[in-house]
Amino acid sequence: MVMVCLRNGRAAVMLAVVLAMVLAPFEATAVSPRRLVEVVDLSGLVVSPDGRQVAFRADQPSVERNTYDSVWYVQDVDGKAPPRRVAEGGVPLRNSSGGALPAVAHWSADGRSIFYRALLDGRIEVWRAAADGSGAEAVARDPANVRDFRLGEDGTTLQYSVGAPRADIVDAEQAEYARGIHVDASIPIGQGVFRSGHHKGRLATQRFTGLGFDREGLLDDVPERWVEIDLRTGARRELVPPAAKAAPSSVAGAAPLNRTWVRDPQSGRTATLTRALAPGGPYTEPVATLSVLDRRGREIAQCTAPACTGADITSAQWRPGRNELLFTTSPVEAGRAQTVFRWSVDTGAVTVVATSRGLLNGGREVASACGVAADAMVCVTAEADRPPRLERIEIDTGQRQVLFDPNASLAFDLAQGVSSRFLRWRDAEGREFTGQLLLGRGMAASPRPLFVTYYTCSGFLRGGTGDEWPLASFAQAGIAALCITALPHKPDPITRYDEGMSAVRSVVDLLAGEGVVDPGRVGMGGFSFGSEVTLWVAAESDLLAATSVTSPAVTPLYHLMGSLQGERFATGLQAAWGLGAPDATPEAWRRLSLAFNRQKVRAPVLLQMPEQEYLYALDYIIPMVRDGQADLYLFPTAPHMKFEPQHKLAAYERNLDWFCFWLQGVERDGAGKAPQYARWHRMKQQAEGRPSPEGDRGRD
């Protein structure tokens with residue numbers, strides 16, 4: 001194994017260039033939860049104007065320092081040399097839910113440098129890094145954080161937008177703190193009102209944006225201003241803000257449109273990727289249309305090949321120098337495994353460029369795109385049992401070459417210790433489901449316990465959606481680990497939940513019939529929508545022996561706290577769950593909410609919840625903890641999705657402890673674990689003395 005350690009100030013990113021001939025003699029190492037937390041992710045792929053180089057960012061969590069090492073690299077597309085480090089990427093920026101924002105870089109016109117946003121030393125700046133690795137410098141140097149930027153068409157100017165100065169935001173927060181904070185519909189009830197949420201790299205005071213429970217920082221509503229810098233002289237001038245693009249119109253009665261404009265910066269050609277989403281939510285299977293427009297915006301060509309029609313096309317881009325569009329599909333029937341096609345606009349022919357068992361794109365985000373040169377794509381590839389790596393793919397032949405594999409050591413150990421199997425099955429009603437099953441190699445042939453998580457299963461399955469359950473570690477511990485891809489969204493909540501329950505029941509029957517799993521030792525965990533489904537399965541069936549969730553289910557207290565937002569909240573509640581106020585729709589609440597059904601839950605529940613959300617669920621959390629039905633852990637300042645490496649590792653380790661205890665009767669070694677096992681033994685004793693719910697449901 002050849003290791004190259006690169007350091008710059010606080011950042012320390014370990015690169016691993018591992019050849020199969022070198023790894024072969026080595027004995028595999030166990031895939032621990034920490035190794036899954038510290039996987040290197042790749043993103044932000046962009047090819048230089050001459051097509052010879054690709055820039056990308058590598059992000060690796062550090063549990064020890066509870067931060068992320070983020071580095072920009074540049075590599076020759078021909079793969080003859082390893083990537084070279086060109087700059088520190090700063091603290092990865094995130095949305096208010098905790099999800100990472102896309103890494104974006106732009107090449108200079110001469111291909112000698114890249115421009116990118118980075119959060120360093122508490123400031124979000126535009127930086128310029130030399131492609132040869134000789135240095136990087138901040139360009140904007142503005143007293144406010146940069147929101148967006150772009151290079152001028154001739155490459156001699158940089159245009160960027162900012163909001164309120166950083167000092168003004170700090171002063172406004174402190175002024176509120178001193179005089180008291182007035183509570184209105186914008187205040188996030190359920191979290192601290194002063195500097196309690198992560199925003200732009202710091203703990204900040206937050207407000208609701210008006211879009212669901214999305215949050216923003218104080219003074220984020222200050223109108224942005226645009227500034228232009230002459231990159232030759234450093235001269236600055238204020239710009240008139242660019243006009244907002246008009247939303248695309250839709251035909252009366254048609255589904256809402258989500259339209260992406262695909263422009264070729266070299267030729268000015270324009271295509272559109274239009275995704276029609278059925279009403280009801282983001283999980284709906286979209287129907288996409290790929291079209292080419294003339295300079296007046298009129299459609300002159302549409303892809304009508306079978307690969308284009310009725311497909312879930314998640315990204316599209318022009319092939320440089322050719323009248324061809326490259327597009328990626330992510331079909332639900334394939335478990336969202338991606339395929340890249342090329343469409344000849346001149347002939348209408350559509351050809352497969354490359355297929356995958358997982359993601360084949362620009363990073364962890366499903367809709368991210370590969371970097372494209374005239375003859376080759378550069379993509380991040382990742383499968384259920386294979387962590388991310390960078391590949392070059394010849395567009396005409398499909399020939400593939402690994403350019404950079406920072407997770408090669410982990411990949412080797414996974415291949416030695418864990419097997420992966422793609423499952424496709426039908427339930428009793430004929431609905432087809434898909435999932436990825438991980439099994440530990442070298443295990444006894446007898447049926448093993450099963451852990452199930454339900455939501456999305458794209459790319460490398462480190463911890464399932466939300467990254468909470470170390471699936472490969474489960475497999476090596478003797479617990480089969482299955483990730484089920486949820487079917488497209490249904491407007492009725494009971495239909496959605498019953499669909500999830502049927503998926504679990506039918507796959508347990510399938511795997512038990514094969515002798516792979518023990519149907520009496522099934523656990524389940526879920527994040528967000530997956531938490532709702534997990535709690536529903538626990539309450540409405542006897543399929544589960546243990547559960548673990550991270551997010552609250554809908555409760556009267558959730559309604560009470562959200563109702564301060566007025567009609568907007570009421571409309572969202574009706575759309576998502578068909579609920580009005582508890583006194584207006586009491587029967588629906590009694591059917592749906594765990595607050596009225598928690599006594600039906602027989603399996604123990606581990607609650608590992610973010611501080612921003614747990615109060616919404618106190619209706620059932622307090623009684624369940626009090627009565628020994630649940631064990632509760634709270635993660636300070638965490639949003640919807642935990643992202644701090646130490647939080648992730650704690651959740652991974654505790655989930656592994658939890659399911660080993662309840663499904664195998666095993667207590668894992670570790671300092672300080674005696675109190676948790678004492679609690680869980682008491683919970684087990686309480687459960688044995690608890691009467692069964694009225695009308696024992698049985699497994700079916």
# chains A, B, ... in the order shown; residues from 1 in each chain; ligands from 1
>>> residues_around(residues="Ile479 of chain A", least_positions_apart="3", cutoff="6 Å", atoms="only C-alpha atoms", output="list in words")
Pro449, Leu450, Phe474 and Ala475 of chain A
>>> select_by_dssp(residues="segment 380-597 of chain A", states="alpha helix (DSSP H)", output="PyMOL selection string")
chain A and resi 408-417+471-476+493-513+529-540+556-562+567-577+586-592
>>> closest_atom_pairs(of="segment 433-476 of chain A", to="segment 546-557 of chain A", cutoff="10 Å", atoms="only C-alpha atoms", output="Markdown table")
| residue | atom | partner | partner_atom | distance |
| --- | --- | --- | --- | --- |
| A:Phe451 | CA | A:Thr547 | CA | 9.0 |
| A:Val452 | CA | A:Thr547 | CA | 9.4 |
| A:Thr453 | CA | A:Ser548 | CA | 9.6 |
| A:Gly466 | CA | A:Thr550 | CA | 8.7 |
| A:Glu468 | CA | A:Thr550 | CA | 8.1 |
| A:Trp469 | CA | A:Ser548 | CA | 9.1 |
>>> residues_around(residues="Ile189 of chain A", least_positions_apart="3", cutoff="9 Å", atoms="only C-alpha atoms", output="list in words")
Val183, Ala185, Ser186, Gly192, Val193, Met561, Gly562, Leu564 and Gln612 of chain A
>>> closest_residue(among="A:Leu273, A:Ala316, A:Leu461, A:Val516", to="Ala445 of chain A", atoms="only C-alpha atoms")
A:Val516
>>> residues_around(residues="segment 411-428 of chain A", least_positions_apart="5", cutoff="6 Å", atoms="only C-alpha atoms", output="list in words")
Ala28, Thr29, Arg386, Phe433, Thr434, Gly435, Gln436, Leu437, Leu438, Leu439, Gly440, Arg441 and Ser506 of chain A
>>> write_last_selection(atoms="N, CA and C atoms", output="short mmCIF file (atom, residue, chain, number, x, y, z; two decimals), in the first residue's frame")
data_model
loop_
_atom_site.label_atom_id
_atom_site.label_comp_id
_atom_site.auth_asym_id
_atom_site.auth_seq_id
_atom_site.Cartn_x
_atom_site.Cartn_y
_atom_site.Cartn_z
N ALA A 28 -7.28 -8.91 5.18
CA ALA A 28 -8.32 -7.89 5.28
C ALA A 28 -8.50 -7.45 6.73
N THR A 29 -8.84 -6.18 6.91
CA THR A 29 -9.11 -5.60 8.22
C THR A 29 -10.61 -5.42 8.37
N ARG A 386 -19.08 -0.72 -2.57
CA ARG A 386 -17.84 -0.15 -3.10
C ARG A 386 -17.85 1.36 -2.91
N PHE A 433 -40.49 -4.35 -5.47
CA PHE A 433 -39.55 -3.60 -4.64
C PHE A 433 -38.12 -4.01 -5.00
N THR A 434 -37.19 -3.14 -4.64
CA THR A 434 -35.78 -3.46 -4.83
C THR A 434 -35.02 -3.12 -3.56
N GLY A 435 -33.88 -3.77 -3.39
CA GLY A 435 -33.06 -3.50 -2.22
C GLY A 435 -31.66 -4.04 -2.40
N GLN A 436 -30.78 -3.60 -1.52
CA GLN A 436 -29.39 -4.07 -1.52
C GLN A 436 -29.14 -4.81 -0.21
N LEU A 437 -28.73 -6.07 -0.31
CA LEU A 437 -28.50 -6.92 0.86
C LEU A 437 -27.00 -7.11 1.05
N LEU A 438 -26.52 -6.83 2.26
CA LEU A 438 -25.13 -7.07 2.62
C LEU A 438 -25.05 -8.22 3.62
N LEU A 439 -24.16 -9.16 3.33
CA LEU A 439 -23.96 -10.31 4.20
C LEU A 439 -22.47 -10.44 4.51
N GLY A 440 -22.15 -10.82 5.74
CA GLY A 440 -20.77 -11.07 6.11
C GLY A 440 -20.28 -12.38 5.51
N ARG A 441 -19.10 -12.35 4.95
CA ARG A 441 -18.51 -13.57 4.38
C ARG A 441 -17.98 -14.47 5.50
N SER A 506 -42.73 -8.89 2.95
CA SER A 506 -42.51 -9.78 1.81
C SER A 506 -41.05 -10.17 1.66
#
>>> atom_distance(atom1="atom CA of Ser43 of chain A", atom2="atom CA of Lys80 of chain A")
20.9 Å
>>> residues_around(residues="segment 131-138 of chain A", least_positions_apart="6", cutoff="8 Å", atoms="only C-alpha atoms", output="PyMOL selection string")
chain A and resi 74+84-87+111-114+125
>>> write_last_selection(atoms="N, CA and C atoms", output="compact mmCIF listing (two decimals), in the first residue's frame")
# COMPACT_ATOMS: atom_id res chain seq x y z
N VAL A 74 -6.44 18.77 -8.93
CA VAL A 74 -6.48 18.80 -10.39
C VAL A 74 -5.72 17.59 -10.89
N ARG A 84 -2.98 16.21 -8.25
CA ARG A 84 -2.14 17.11 -7.46
C ARG A 84 -3.03 18.02 -6.64
N ARG A 85 -2.64 18.20 -5.42
CA ARG A 85 -3.37 19.08 -4.50
C ARG A 85 -3.12 20.52 -4.90
N VAL A 86 -4.20 21.30 -5.07
CA VAL A 86 -4.03 22.69 -5.46
C VAL A 86 -4.49 23.68 -4.39
N ALA A 87 -5.39 23.26 -3.50
CA ALA A 87 -5.87 24.21 -2.49
C ALA A 87 -6.70 23.50 -1.44
N GLY A 111 -7.27 28.11 -18.60
CA GLY A 111 -7.04 26.80 -18.01
C GLY A 111 -5.93 26.75 -17.00
N ARG A 112 -5.48 27.91 -16.51
CA ARG A 112 -4.37 27.93 -15.58
C ARG A 112 -4.80 27.94 -14.12
N SER A 113 -6.07 28.18 -13.86
CA SER A 113 -6.51 28.26 -12.47
C SER A 113 -7.99 27.90 -12.36
N ILE A 114 -8.42 27.60 -11.14
CA ILE A 114 -9.83 27.36 -10.86
C ILE A 114 -10.29 28.38 -9.81
N GLU A 125 -15.45 33.07 1.00
CA GLU A 125 -14.79 33.88 -0.02
C GLU A 125 -14.77 33.16 -1.36
>>> residues_around(residues="Leu325 of chain A", least_positions_apart="6", cutoff="9 Å", atoms="only C-alpha atoms", output="ChimeraX atom specification")
/A:271,316-319,341-345
>>> closest_residue(among="A:Ala311, A:Met443, A:Ala472, A:Leu573", to="Ala384 of chain A", atoms="only C-alpha atoms")
A:Ala472
>>> select_by_dssp(residues="segment 393-532 of chain A", states="strand (DSSP E)", output="MDAnalysis selection string")
chainID A and resid 393:394 400:404 418:426 432:440 448:455 480:485 517:526
>>> residues_around(residues="segment 352-360 of chain A", least_positions_apart="4", cutoff="10 Å", atoms="only C-alpha atoms", output="PyMOL selection string")
chain A and resi 307+326-330+334-343+364-370+377-386+388+390-391+393-400+422+457-461
>>> closest_residue(among="A:Arg568, A:Arg295, A:Arg147, A:Arg682", to="Gly212 of chain A", atoms="only C-alpha atoms")
A:Arg568
>>> atom_distance(atom1="atom CA of Phe527 of chain A", atom2="atom CA of Pro610 of chain A")
11.2 Å
>>> closest_residue(among="A:Gly478, A:Pro493, A:Gly180, A:Gly99", to="Arg591 of chain A", atoms="only C-alpha atoms")
A:Pro493
>>> closest_residue(among="A:Ala204, A:Glu38, A:Thr270, A:Gly190", to="Tyr558 of chain A", atoms="only C-alpha atoms")
A:Gly190
>>> atom_distance(atom1="atom CA of Leu592 of chain A", atom2="atom CA of Glu432 of chain A")
25.0 Å
>>> closest_residue(among="A:Ala674, A:Trp577, A:Arg690, A:Asp264", to="Val601 of chain A", atoms="only C-alpha atoms")
A:Arg690
>>> decode(residues="segment 429-453 of chain A", atoms="N, CA and C atoms", output="JSON list (two decimals), in the first residue's frame")
[["chain", "number", "residue", "atom", "x", "y", "z"],
["A", 429, "GLU", "N", -49.56, -8.07, -3.26],
["A", 429, "GLU", "CA", -50.37, -7.29, -4.17],
["A", 429, "GLU", "C", -49.70, -7.06, -5.51],
["A", 430, "GLY", "N", -48.53, -7.66, -5.71],
["A", 430, "GLY", "CA", -47.85, -7.55, -6.99],
["A", 430, "GLY", "C", -46.95, -6.34, -7.14],
["A", 431, "ARG", "N", -46.80, -5.55, -6.08],
["A", 431, "ARG", "CA", -45.91, -4.40, -6.17],
["A", 431, "ARG", "C", -44.46, -4.85, -6.13],
["A", 432, "GLU", "N", -43.64, -4.29, -7.00],
["A", 432, "GLU", "CA", -42.25, -4.69, -7.08],
["A", 432, "GLU", "C", -41.38, -3.75, -6.25],
["A", 433, "PHE", "N", -40.49, -4.35, -5.47],
["A", 433, "PHE", "CA", -39.55, -3.60, -4.64],
["A", 433, "PHE", "C", -38.12, -4.01, -5.00],
["A", 434, "THR", "N", -37.19, -3.14, -4.64],
["A", 434, "THR", "CA", -35.78, -3.46, -4.83],
["A", 434, "THR", "C", -35.02, -3.12, -3.56],
["A", 435, "GLY", "N", -33.88, -3.77, -3.39],
["A", 435, "GLY", "CA", -33.06, -3.50, -2.22],
["A", 435, "GLY", "C", -31.66, -4.04, -2.40],
["A", 436, "GLN", "N", -30.78, -3.60, -1.52],
["A", 436, "GLN", "CA", -29.39, -4.07, -1.52],
["A", 436, "GLN", "C", -29.14, -4.81, -0.21],
["A", 437, "LEU", "N", -28.73, -6.07, -0.31],
["A", 437, "LEU", "CA", -28.50, -6.92, 0.86],
["A", 437, "LEU", "C", -27.00, -7.11, 1.05],
["A", 438, "LEU", "N", -26.52, -6.83, 2.26],
["A", 438, "LEU", "CA", -25.13, -7.07, 2.62],
["A", 438, "LEU", "C", -25.05, -8.22, 3.62],
["A", 439, "LEU", "N", -24.16, -9.16, 3.33],
["A", 439, "LEU", "CA", -23.96, -10.31, 4.20],
["A", 439, "LEU", "C", -22.47, -10.44, 4.51],
["A", 440, "GLY", "N", -22.15, -10.82, 5.74],
["A", 440, "GLY", "CA", -20.77, -11.07, 6.11],
["A", 440, "GLY", "C", -20.28, -12.38, 5.51],
["A", 441, "ARG", "N", -19.10, -12.35, 4.95],
["A", 441, "ARG", "CA", -18.51, -13.57, 4.38],
["A", 441, "ARG", "C", -17.98, -14.47, 5.50],
["A", 442, "GLY", "N", -17.98, -15.77, 5.25],
["A", 442, "GLY", "CA", -17.41, -16.71, 6.20],
["A", 442, "GLY", "C", -18.29, -16.97, 7.40],
["A", 443, "MET", "N", -19.58, -16.58, 7.33],
["A", 443, "MET", "CA", -20.49, -16.80, 8.45],
["A", 443, "MET", "C", -21.10, -18.20, 8.37],
["A", 444, "ALA", "N", -21.60, -18.66, 9.48],
["A", 444, "ALA", "CA", -22.28, -19.96, 9.53],
["A", 444, "ALA", "C", -23.49, -19.93, 8.61],
["A", 445, "ALA", "N", -23.83, -21.07, 8.06],
["A", 445, "ALA", "CA", -24.93, -21.15, 7.10],
["A", 445, "ALA", "C", -26.31, -21.00, 7.75],
["A", 446, "SER", "N", -26.39, -21.04, 9.06],
["A", 446, "SER", "CA", -27.69, -20.96, 9.74],
["A", 446, "SER", "C", -28.30, -19.57, 9.54],
["A", 447, "PRO", "N", -29.63, -19.48, 9.60],
["A", 447, "PRO", "CA", -30.29, -18.18, 9.42],
["A", 447, "PRO", "C", -29.77, -17.14, 10.42],
["A", 448, "ARG", "N", -29.55, -15.94, 9.93],
["A", 448, "ARG", "CA", -28.99, -14.88, 10.77],
["A", 448, "ARG", "C", -30.03, -13.80, 11.00],
["A", 449, "PRO", "N", -29.83, -12.92, 11.97],
["A", 449, "PRO", "CA", -30.73, -11.79, 12.16],
["A", 449, "PRO", "C", -30.68, -10.87, 10.94],
["A", 450, "LEU", "N", -31.71, -10.04, 10.81],
["A", 450, "LEU", "CA", -31.81, -9.11, 9.68],
["A", 450, "LEU", "C", -32.08, -7.71, 10.19],
["A", 451, "PHE", "N", -31.33, -6.74, 9.67],
["A", 451, "PHE", "CA", -31.62, -5.32, 9.89],
["A", 451, "PHE", "C", -32.07, -4.72, 8.57],
["A", 452, "VAL", "N", -33.15, -3.92, 8.63],
["A", 452, "VAL", "CA", -33.72, -3.30, 7.43],
["A", 452, "VAL", "C", -33.78, -1.80, 7.63],
["A", 453, "THR", "N", -33.38, -1.04, 6.60],
["A", 453, "THR", "CA", -33.64, 0.39, 6.55],
["A", 453, "THR", "C", -34.37, 0.69, 5.25]]
